[in-house]
$ cat coords-v1.pdb   # PDB, C-alpha atoms
ATOM      1  CA  MET A  70     195.282  24.348  36.514
ATOM      2  CA  ARG A  71     194.301  21.958  39.265
ATOM      3  CA  ASP A  72     196.482  18.921  39.824
ATOM      4  CA  ASN A  73     193.711  16.436  39.015
ATOM      5  CA  GLY A  74     193.669  17.030  35.275
ATOM      6  CA  PRO A  75     193.863  19.492  32.431
ATOM      7  CA  VAL A  76     191.272  22.130  31.756
ATOM      8  CA  THR A  77     188.810  20.675  29.265
ATOM      9  CA  SER A  78     185.829  21.935  27.358
ATOM     10  CA  ALA A  79     182.317  20.676  27.963
ATOM     11  CA  THR A  80     182.560  18.769  24.697
ATOM     12  CA  GLN A  81     185.544  16.713  25.852
ATOM     13  CA  GLN A  82     185.848  13.913  28.378
ATOM     14  CA  PRO A  83     187.502  15.374  31.524
ATOM     15  CA  GLU A  84     190.698  13.467  32.289
ATOM     16  CA  THR A  85     190.078  13.116  36.024
ATOM     17  CA  PRO A  86     189.185  10.135  38.250
ATOM     18  CA  ALA A  87     186.130  12.045  39.493
ATOM     19  CA  ALA A  88     184.609  11.731  36.025
ATOM     20  CA  ALA A  89     183.754   8.081  36.787
ATOM     21  CA  THR A  90     181.716   9.094  39.856
ATOM     22  CA  PRO A  91     178.026   9.680  39.077
ATOM     23  CA  PRO A  92     176.998  13.181  40.197
ATOM     24  CA  ARG A  93     174.504  13.572  43.022
ATOM     25  CA  LEU A  94     174.560  17.351  43.354
ATOM     26  CA  ILE A  95     175.118  20.284  41.014
ATOM     27  CA  ALA A  96     176.314  23.502  42.658
ATOM     28  CA  THR A  97     176.125  26.574  40.474
ATOM     29  CA  ASP A  98     176.868  30.238  40.898
ATOM     30  CA  LEU A  99     174.281  32.640  39.459
ATOM     31  CA  ASP A 100     175.598  35.944  38.091
ATOM     32  CA  GLY A 101     178.004  35.411  35.214
ATOM     33  CA  THR A 102     177.422  31.659  35.408
ATOM     34  CA  LEU A 103     173.858  30.362  35.336
ATOM     35  CA  LEU A 104     172.270  33.721  34.528
ATOM     36  CA  ARG A 105     172.795  35.532  31.266
ATOM     37  CA  ASP A 106     174.153  39.057  31.390
ATOM     38  CA  ASP A 107     170.596  40.410  31.387
ATOM     39  CA  LYS A 108     169.990  38.397  34.595
ATOM     40  CA  SER A 109     167.586  36.000  32.895
ATOM     41  CA  LEU A 110     167.471  32.209  32.794
ATOM     42  CA  SER A 111     167.263  30.871  29.255
ATOM     43  CA  PRO A 112     164.606  28.247  28.416
ATOM     44  CA  ARG A 113     167.430  25.800  27.697
ATOM     45  CA  THR A 114     168.903  26.329  31.168
ATOM     46  CA  VAL A 115     165.511  25.993  32.866
ATOM     47  CA  ALA A 116     164.963  22.699  31.035
ATOM     48  CA  ALA A 117     168.424  21.406  31.975
ATOM     49  CA  LEU A 118     167.902  22.175  35.669
ATOM     50  CA  ALA A 119     164.536  20.428  35.659
ATOM     51  CA  ALA A 120     166.012  17.407  33.880
ATOM     52  CA  ALA A 121     168.797  17.128  36.454
ATOM     53  CA  GLU A 122     166.324  17.196  39.340
ATOM     54  CA  GLU A 123     164.123  14.640  37.567
ATOM     55  CA  ALA A 124     167.186  12.401  37.252
ATOM     56  CA  GLY A 125     167.684  12.579  41.022
ATOM     57  CA  ILE A 126     170.521  15.130  41.020
ATOM     58  CA  GLU A 127     169.983  17.977  43.478
ATOM     59  CA  VAL A 128     170.689  21.472  42.198
ATOM     60  CA  PHE A 129     171.974  24.063  44.657
ATOM     61  CA  PHE A 130     172.265  27.729  43.755
ATOM     62  CA  VAL A 131     175.405  28.995  45.510
ATOM     63  CA  THR A 132     175.693  32.750  45.204
ATOM     64  CA  GLY A 133     177.028  35.946  46.692
ATOM     65  CA  ARG A 134     173.541  37.418  46.379
ATOM     66  CA  PRO A 135     171.481  38.142  49.491
ATOM     67  CA  ALA A 136     168.297  36.155  49.952
ATOM     68  CA  ARG A 137     166.109  39.092  48.930
ATOM     69  CA  TRP A 138     167.647  39.000  45.429
ATOM     70  CA  MET A 139     166.759  35.358  44.788
ATOM     71  CA  ASP A 140     163.400  35.895  43.100
ATOM     72  CA  VAL A 141     165.101  35.393  39.716
ATOM     73  CA  VAL A 142     165.534  31.665  40.497
ATOM     74  CA  SER A 143     163.003  31.008  43.273
ATOM     75  CA  ASP A 144     160.753  29.130  40.825
ATOM     76  CA  HIS A 145     163.533  26.668  40.025
ATOM     77  CA  VAL A 146     164.626  25.343  43.429
ATOM     78  CA  HIS A 147     162.371  22.277  43.043
ATOM     79  CA  GLY A 148     161.717  19.990  45.995
ATOM     80  CA  HIS A 149     164.394  20.974  48.478
ATOM     81  CA  GLY A 150     163.843  24.721  48.083
ATOM     82  CA  LEU A 151     167.280  25.628  49.428
ATOM     83  CA  ALA A 152     169.951  28.023  48.225
ATOM     84  CA  ILE A 153     173.284  29.125  49.654
ATOM     85  CA  CYS A 154     173.430  32.920  49.752
ATOM     86  CA  GLY A 155     175.914  35.600  50.782
ATOM     87  CA  ASN A 156     178.975  33.565  49.735
ATOM     88  CA  GLY A 157     178.107  30.867  52.246
ATOM     89  CA  ALA A 158     176.875  33.106  55.066
ATOM     90  CA  ALA A 159     173.328  31.721  54.871
ATOM     91  CA  VAL A 160     171.346  28.706  53.734
ATOM     92  CA  VAL A 161     167.894  29.923  52.762
ATOM     93  CA  ASP A 162     164.593  28.151  52.112
ATOM     94  CA  LEU A 163     163.069  29.975  49.135
ATOM     95  CA  HIS A 164     159.735  28.149  49.125
ATOM     96  CA  GLY A 165     157.880  31.142  50.512
ATOM     97  CA  GLY A 166     158.825  33.318  47.558
ATOM     98  CA  PRO A 167     160.313  36.824  47.561
ATOM     99  CA  GLY A 168     160.154  38.450  50.993
ATOM    100  CA  SER A 169     159.032  35.231  52.705
ATOM    101  CA  HIS A 170     162.259  33.254  52.720
ATOM    102  CA  ARG A 171     163.378  31.405  55.841
ATOM    103  CA  PHE A 172     166.969  31.264  57.071
ATOM    104  CA  VAL A 173     167.853  27.623  57.699
ATOM    105  CA  LYS A 174     171.485  28.241  58.619
ATOM    106  CA  VAL A 175     173.345  31.489  59.371
ATOM    107  CA  ARG A 176     177.138  31.735  59.552
ATOM    108  CA  GLU A 177     177.565  35.298  60.686
ATOM    109  CA  LEU A 178     180.540  37.618  60.703
ATOM    110  CA  PRO A 179     181.207  38.348  64.408
ATOM    111  CA  HIS A 180     180.839  42.039  65.148
ATOM    112  CA  LYS A 181     184.335  42.387  66.588
ATOM    113  CA  ASN A 182     185.811  40.780  63.461
ATOM    114  CA  ALA A 183     183.709  43.017  61.233
ATOM    115  CA  LEU A 184     184.829  46.143  63.046
ATOM    116  CA  ALA A 185     188.474  45.049  62.977
ATOM    117  CA  ALA A 186     188.267  44.344  59.237
ATOM    118  CA  VAL A 187     186.792  47.781  58.560
ATOM    119  CA  GLN A 188     189.458  49.572  60.566
ATOM    120  CA  LEU A 189     192.382  47.562  59.170
ATOM    121  CA  LEU A 190     191.279  47.996  55.569
ATOM    122  CA  ARG A 191     190.564  51.685  56.090
ATOM    123  CA  ASP A 192     194.183  52.088  57.151
ATOM    124  CA  ALA A 193     195.569  49.879  54.358
ATOM    125  CA  ALA A 194     193.456  51.393  51.564
ATOM    126  CA  PRO A 195     192.399  54.962  52.376
ATOM    127  CA  GLY A 196     189.245  55.953  50.555
ATOM    128  CA  THR A 197     187.471  52.624  51.123
ATOM    129  CA  VAL A 198     183.750  52.946  51.848
ATOM    130  CA  TYR A 199     181.496  50.298  53.365
ATOM    131  CA  ALA A 200     178.066  48.708  53.499
ATOM    132  CA  VAL A 201     176.801  46.154  56.011
ATOM    133  CA  GLU A 202     174.710  43.225  54.785
ATOM    134  CA  GLN A 203     172.560  41.516  57.426
ATOM    135  CA  THR A 204     169.954  38.770  57.348
ATOM    136  CA  TYR A 205     167.203  41.207  56.423
ATOM    137  CA  GLY A 206     168.744  44.665  56.673
ATOM    138  CA  PHE A 207     171.138  46.614  54.479
ATOM    139  CA  ASN A 208     173.027  49.616  55.843
ATOM    140  CA  GLN A 209     175.762  51.747  54.344
ATOM    141  CA  GLU A 210     178.028  54.708  54.708
ATOM    142  CA  PRO A 211     176.823  57.947  53.054
ATOM    143  CA  ALA A 212     179.686  57.833  50.517
ATOM    144  CA  TYR A 213     179.024  54.221  49.480
ATOM    145  CA  PRO A 214     177.867  54.294  45.828
ATOM    146  CA  LYS A 215     174.483  53.111  44.620
ATOM    147  CA  LEU A 216     175.703  49.752  43.419
ATOM    148  CA  HIS A 217     172.778  47.599  44.460
ATOM    149  CA  MET A 218     169.644  49.400  43.280
ATOM    150  CA  GLU A 219     168.137  49.483  46.754
ATOM    151  CA  ILE A 220     167.513  51.999  49.511
ATOM    152  CA  PRO A 221     169.591  51.387  52.663
ATOM    153  CA  ASP A 222     167.878  51.119  56.022
ATOM    154  CA  THR A 223     170.490  53.313  57.715
ATOM    155  CA  LEU A 224     173.163  55.752  56.566
ATOM    156  CA  ALA A 225     176.078  56.021  58.993
ATOM    157  CA  PRO A 226     179.847  55.369  59.251
ATOM    158  CA  ALA A 227     180.631  51.660  59.372
ATOM    159  CA  GLU A 228     182.168  52.003  62.836
ATOM    160  CA  GLU A 229     178.840  53.387  64.070
ATOM    161  CA  LEU A 230     176.835  50.678  62.321
ATOM    162  CA  LEU A 231     179.012  48.036  63.989
ATOM    163  CA  SER A 232     179.349  49.629  67.428
ATOM    164  CA  PRO A 233     178.143  47.556  70.427
ATOM    165  CA  ASP A 234     175.198  49.883  71.078
ATOM    166  CA  SER A 235     174.044  50.114  67.458
ATOM    167  CA  ARG A 236     170.422  49.147  66.867
ATOM    168  CA  THR A 237     171.491  47.416  63.657
ATOM    169  CA  LEU A 238     173.216  44.684  65.656
ATOM    170  CA  ALA A 239     169.879  43.099  66.503
ATOM    171  CA  GLU A 240     170.380  41.101  63.280
ATOM    172  CA  PRO A 241     173.398  38.939  62.394
ATOM    173  CA  VAL A 242     175.936  40.497  60.044
ATOM    174  CA  LEU A 243     176.371  38.261  56.987
ATOM    175  CA  LYS A 244     179.082  40.252  55.240
ATOM    176  CA  ILE A 245     180.707  43.631  54.854
ATOM    177  CA  LEU A 246     180.932  45.184  51.401
ATOM    178  CA  ALA A 247     184.021  47.327  50.821
ATOM    179  CA  TYR A 248     184.307  49.565  47.771
ATOM    180  CA  HIS A 249     187.262  51.572  46.509
ATOM    181  CA  PRO A 250     186.739  54.128  43.733
ATOM    182  CA  GLU A 251     190.273  53.968  42.302
ATOM    183  CA  LEU A 252     192.103  50.711  43.013
ATOM    184  CA  ASP A 253     192.372  47.805  40.573
ATOM    185  CA  PRO A 254     189.933  45.084  41.761
ATOM    186  CA  ASP A 255     192.516  42.319  42.069
ATOM    187  CA  ALA A 256     195.039  44.634  43.706
ATOM    188  CA  PHE A 257     192.382  45.742  46.205
ATOM    189  CA  LEU A 258     191.630  42.091  47.005
ATOM    190  CA  THR A 259     195.314  41.393  47.676
ATOM    191  CA  VAL A 260     195.656  44.452  49.911
ATOM    192  CA  ALA A 261     192.550  43.485  51.878
ATOM    193  CA  ARG A 262     193.581  39.872  52.416
ATOM    194  CA  LEU A 263     196.992  40.920  53.678
ATOM    195  CA  ALA A 264     195.550  43.574  55.984
ATOM    196  CA  ILE A 265     192.672  41.532  57.425
ATOM    197  CA  GLY A 266     194.400  38.163  57.676
ATOM    198  CA  ASP A 267     192.385  35.383  59.313
ATOM    199  CA  ARG A 268     189.935  37.739  61.032
ATOM    200  CA  ALA A 269     187.575  37.312  58.073
ATOM    201  CA  ASN A 270     187.318  35.724  54.647
ATOM    202  CA  VAL A 271     187.738  38.267  51.833
ATOM    203  CA  THR A 272     186.739  37.693  48.220
ATOM    204  CA  ARG A 273     185.112  39.434  45.271
ATOM    205  CA  SER A 274     182.554  38.742  42.567
ATOM    206  CA  SER A 275     182.132  42.160  40.962
ATOM    207  CA  PRO A 276     184.098  43.533  38.014
ATOM    208  CA  SER A 277     184.579  46.711  40.059
ATOM    209  CA  ALA A 278     186.756  47.148  43.158
ATOM    210  CA  LEU A 279     184.055  45.786  45.443
ATOM    211  CA  LEU A 280     185.071  43.258  48.078
ATOM    212  CA  GLU A 281     182.892  40.911  50.138
ATOM    213  CA  ILE A 282     184.043  40.223  53.690
ATOM    214  CA  SER A 283     182.539  37.223  55.502
ATOM    215  CA  GLY A 284     183.173  35.381  58.747
ATOM    216  CA  PRO A 285     186.412  33.440  59.234
ATOM    217  CA  GLU A 286     186.409  30.283  57.078
ATOM    218  CA  VAL A 287     182.978  31.148  55.667
ATOM    219  CA  SER A 288     182.890  30.551  51.927
ATOM    220  CA  LYS A 289     180.712  28.982  49.291
ATOM    221  CA  ALA A 290     182.815  25.831  49.611
ATOM    222  CA  SER A 291     182.623  25.447  53.382
ATOM    223  CA  THR A 292     178.853  25.909  53.542
ATOM    224  CA  LEU A 293     178.302  23.661  50.537
ATOM    225  CA  ALA A 294     180.424  21.015  52.266
ATOM    226  CA  LEU A 295     178.170  21.250  55.352
ATOM    227  CA  CYS A 296     175.032  20.864  53.219
ATOM    228  CA  CYS A 297     176.526  17.889  51.398
ATOM    229  CA  ALA A 298     177.604  16.219  54.644
ATOM    230  CA  GLU A 299     174.025  16.471  55.913
ATOM    231  CA  ARG A 300     172.916  14.593  52.801
ATOM    232  CA  GLY A 301     175.688  12.011  52.820
ATOM    233  CA  ILE A 302     177.114  13.415  49.592
ATOM    234  CA  SER A 303     180.886  13.391  49.100
ATOM    235  CA  HIS A 304     182.798  16.088  47.276
ATOM    236  CA  GLU A 305     183.531  13.583  44.486
ATOM    237  CA  GLU A 306     179.776  13.469  43.783
ATOM    238  CA  VAL A 307     179.512  17.257  43.304
ATOM    239  CA  VAL A 308     179.736  19.129  39.988
ATOM    240  CA  ALA A 309     180.289  22.881  40.415
ATOM    241  CA  PHE A 310     180.198  25.911  38.123
ATOM    242  CA  GLY A 311     181.550  29.450  38.578
ATOM    243  CA  ASP A 312     183.167  32.487  37.029
ATOM    244  CA  MET A 313     184.677  34.781  39.697
ATOM    245  CA  PRO A 314     187.175  34.625  42.599
ATOM    246  CA  ASN A 315     184.416  33.957  45.145
ATOM    247  CA  ASP A 316     183.870  30.625  43.343
ATOM    248  CA  VAL A 317     187.484  29.409  43.524
ATOM    249  CA  GLU A 318     187.207  27.487  46.822
ATOM    250  CA  MET A 319     183.999  25.758  45.690
ATOM    251  CA  LEU A 320     185.486  24.778  42.335
ATOM    252  CA  THR A 321     188.600  23.421  44.020
ATOM    253  CA  TRP A 322     186.557  21.424  46.545
ATOM    254  CA  ALA A 323     184.119  19.820  44.103
ATOM    255  CA  GLY A 324     184.987  16.535  42.435
ATOM    256  CA  ARG A 325     184.314  18.052  39.033
ATOM    257  CA  SER A 326     184.163  21.748  38.309
ATOM    258  CA  TYR A 327     183.722  23.980  35.297
ATOM    259  CA  ALA A 328     184.881  27.526  34.693
ATOM    260  CA  MET A 329     182.680  29.547  32.388
ATOM    261  CA  GLY A 330     184.065  30.813  29.100
ATOM    262  CA  ASN A 331     183.829  34.320  30.566
ATOM    263  CA  ALA A 332     185.605  33.366  33.817
ATOM    264  CA  HIS A 333     188.307  35.227  35.735
ATOM    265  CA  PRO A 334     191.826  33.750  35.188
ATOM    266  CA  ASP A 335     191.938  32.478  38.789
ATOM    267  CA  VAL A 336     188.746  30.523  38.173
ATOM    268  CA  LEU A 337     190.101  28.981  34.987
ATOM    269  CA  ALA A 338     193.147  27.858  36.967
ATOM    270  CA  ALA A 339     191.060  26.405  39.820
ATOM    271  CA  ALA A 340     188.512  24.406  37.832
ATOM    272  CA  SER A 341     189.041  20.895  36.499
ATOM    273  CA  GLY A 342     187.194  21.731  33.274
ATOM    274  CA  SER A 343     185.743  24.594  31.284
ATOM    275  CA  THR A 344     182.571  25.278  29.359
ATOM    276  CA  VAL A 345     181.246  28.047  27.126
ATOM    277  CA  ALA A 346     180.174  31.456  28.429
ATOM    278  CA  ASN A 347     177.093  32.199  30.497
ATOM    279  CA  ASN A 348     175.367  33.901  27.544
ATOM    280  CA  ASP A 349     175.844  30.661  25.585
ATOM    281  CA  ASP A 350     174.190  28.475  28.263
ATOM    282  CA  GLY A 351     177.463  26.960  29.453
ATOM    283  CA  VAL A 352     175.927  25.303  32.523
ATOM    284  CA  ALA A 353     173.145  23.740  30.474
ATOM    285  CA  VAL A 354     175.678  22.410  27.937
ATOM    286  CA  VAL A 355     177.462  20.450  30.681
ATOM    287  CA  ILE A 356     174.295  19.245  32.416
ATOM    288  CA  GLU A 357     172.912  17.909  29.138
ATOM    289  CA  GLN A 358     176.093  15.969  28.483
ATOM    290  CA  LEU A 359     176.208  14.647  32.050
ATOM    291  CA  LEU A 360     172.667  13.336  31.719
ATOM    292  CA  ASN A 361     173.496  11.791  28.342
ATOM    293  CA  GLY A 362     176.499  10.008  29.807
ATOM    294  CA  ARG A 363     179.007  11.890  27.676
ATOM    295  CA  LEU A 364     180.930  13.362  30.624
TER     296      LEU A 364
END
$ encode --input "coords-v1.pdb" --output "structure tokens"
Amino acid sequence: MRDNGPVTSATQQPETPAAATPPRLIATDLDGTLLRDDKSLSPRTVAALAAAEEAGIEVFFVTGRPARWMDVVSDHVHGHGLAICGNGAAVVDLHGGPGSHRFVKVRELPHKNALAAVQLLRDAAPGTVYAVEQTYGFNQEPAYPKLHMEIPDTLAPAEELLSPDSRTLAEPVLKILAYHPELDPDAFLTVARLAIGDRANVTRSSPSALLEISGPEVSKASTLALCCAERGISHEEVVAFGDMPNDVEMLTWAGRSYAMGNAHPDVLAAASGSTVANNDDGVAVVIEQLLNGRL
């Protein structure tokens, strides 16, 4: 648990000083958090998001998804139109709709860091295969599994994709995806963090052994903090929701945070409160109680 109070349910008053601070921004993960398992938004959740915006509380979607996968929520970004994608690697204006998004801020993974991470993890965990996520492009190694339901632009070894003369380097690299067919997901994350060190930020959001490697100090939390600073919003005025290890930094940073009922143990330990599972509209449950003054 965090030091600022016990884990609570959404039906209890959180025992934390931040609870007295009126929220100005809600930051929510998507998969496993705001979205149901079928990747839909329930009518109750849609209504809760709209009510929060109407009450003057900004809602930011903060996700590991690339911008091209944001059509599921692009109708619900309201006035500001912004979302944080790629685990903090990009701030995207979704007003244009699918395929017409605009990158407002890009926090890329430097090519030399990306190449070093690939080589170090290949040595530490033989059998690892890679994909390279860029602002618009997606490239992968031939052995990388079809995890993302999309056709890659290029098939080549990661070292070739990241070489100085590669044509793929015309676009910024947002993150490297590393998959291992045999290792336990949490064990793979530990191995990768030890091997890569501070050359990149390593996390995961998938139930499989799939890691997401971003630029040094790039995370959901650090990019959310930048967006809040631009708006004069303090971390005490932020309420955050998440379910997987890539949400831990954001949940720790926010003044109030809620782990979903389906959350990873590390997320339950990081959050200052808890709510019911994503399939039970856990985010909406909290938003409704915030707006009714019961939290």
$ resolve_selection --input "coords-v1.pdb" --expression "the PyMOL selection byres ((chain A and resi 327-330) around 9)" --output "JSON, numbers by chain"
{"A": [76, 77, 78, 79, 101, 102, 308, 309, 310, 311, 312, 313, 320, 325, 326, 331, 332, 333, 336, 337, 338, 339, 340, 341, 342, 343, 344, 345, 346, 347, 349, 351, 352, 355]}
$ residues_around --input "coords-v1.pdb" --residues "Leu190 in chain A" --least-positions-apart "2" --cutoff "10 Å" --atoms "all atoms listed in the file" --output "compact mmCIF listing (two decimals) with C-alpha atoms, in the frame of the given file"
# COMPACT_ATOMS: atom_id res chain seq x y z
CA ALA A 185 188.47 45.05 62.98
CA ALA A 186 188.27 44.34 59.24
CA VAL A 187 186.79 47.78 58.56
CA GLN A 188 189.46 49.57 60.57
CA ASP A 192 194.18 52.09 57.15
CA ALA A 193 195.57 49.88 54.36
CA ALA A 194 193.46 51.39 51.56
CA PRO A 195 192.40 54.96 52.38
CA GLY A 196 189.24 55.95 50.56
CA THR A 197 187.47 52.62 51.12
CA VAL A 198 183.75 52.95 51.85
CA ALA A 247 184.02 47.33 50.82
CA PHE A 257 192.38 45.74 46.20
CA VAL A 260 195.66 44.45 49.91
CA ALA A 261 192.55 43.48 51.88
CA ARG A 262 193.58 39.87 52.42
CA LEU A 263 196.99 40.92 53.68
CA ALA A 264 195.55 43.57 55.98
CA ILE A 265 192.67 41.53 57.42
$ closest_residue --input "coords-v1.pdb" --among "A:His170, A:Arg273, A:Arg236, A:Arg93" --to "Gly125 in chain A" --atoms "all atoms listed in the file"
A:Arg93
$ atom_distance --input "coords-v1.pdb" --atom1 "CA of Pro276 in chain A" --atom2 "CA of Leu99 in chain A"
14.7 Å
$ resolve_selection --input "coords-v1.pdb" --expression "the PyMOL selection byres ((chain A and resi 143) around 10)" --output "PDB file with C-alpha atoms, in the coordinates of the input"
ATOM      1  CA  PHE A 130     172.265  27.729  43.755  1.00  0.00           C
ATOM      2  CA  ALA A 136     168.297  36.155  49.952  1.00  0.00           C
ATOM      3  CA  TRP A 138     167.647  39.000  45.429  1.00  0.00           C
ATOM      4  CA  MET A 139     166.759  35.358  44.788  1.00  0.00           C
ATOM      5  CA  ASP A 140     163.400  35.895  43.100  1.00  0.00           C
ATOM      6  CA  VAL A 141     165.101  35.393  39.716  1.00  0.00           C
ATOM      7  CA  VAL A 142     165.534  31.665  40.497  1.00  0.00           C
ATOM      8  CA  ASP A 144     160.753  29.130  40.825  1.00  0.00           C
ATOM      9  CA  HIS A 145     163.533  26.668  40.025  1.00  0.00           C
ATOM     10  CA  VAL A 146     164.626  25.343  43.429  1.00  0.00           C
ATOM     11  CA  HIS A 147     162.371  22.277  43.043  1.00  0.00           C
ATOM     12  CA  GLY A 150     163.843  24.721  48.083  1.00  0.00           C
ATOM     13  CA  LEU A 151     167.280  25.628  49.428  1.00  0.00           C
ATOM     14  CA  ALA A 152     169.951  28.023  48.225  1.00  0.00           C
ATOM     15  CA  ASP A 162     164.593  28.151  52.112  1.00  0.00           C
ATOM     16  CA  LEU A 163     163.069  29.975  49.135  1.00  0.00           C
ATOM     17  CA  HIS A 164     159.735  28.149  49.125  1.00  0.00           C
ATOM     18  CA  GLY A 165     157.880  31.142  50.512  1.00  0.00           C
ATOM     19  CA  GLY A 166     158.825  33.318  47.558  1.00  0.00           C
ATOM     20  CA  PRO A 167     160.313  36.824  47.561  1.00  0.00           C
ATOM     21  CA  HIS A 170     162.259  33.254  52.720  1.00  0.00           C
TER      22      HIS A 170
END
$ residues_near_point --input "coords-v1.pdb" --point "(165.4, 24.9, 29.5)" --cutoff "12 Å" --atoms "all atoms listed in the file" --output "PyMOL selection string"
chain A and resi 103+109-121+145+350+352-354+356-357
$ residues_around --input "coords-v1.pdb" --residues "range 210-212 of chain A" --least-positions-apart "2" --cutoff "7 Å" --atoms "all atoms listed in the file" --output "list in words"
Val198, Tyr199, Ala200, Pro214, Leu224, Ala225, Pro226 and Ala227 of chain A
$ closest_residue --input "coords-v1.pdb" --among "A:Pro179, A:Pro285, A:Gly206, A:Pro233" --to "Pro221 in chain A" --atoms "all atoms listed in the file"
A:Gly206
$ closest_residue --input "coords-v1.pdb" --among "A:Pro250, A:Gly301, A:Pro91, A:Pro334" --to "Pro314 in chain A" --atoms "only C-alpha atoms"
A:Pro334
$ atom_distance --input "coords-v1.pdb" --atom1 "CA of Glu286 in chain A" --atom2 "CA of Asp234 in chain A"
26.6 Å
$ closest_residue --input "coords-v1.pdb" --among "A:Asn208, A:Ser274, A:Asn361, A:Asn348" --to "Asp107 in chain A" --atoms "only C-alpha atoms"
A:Asn348
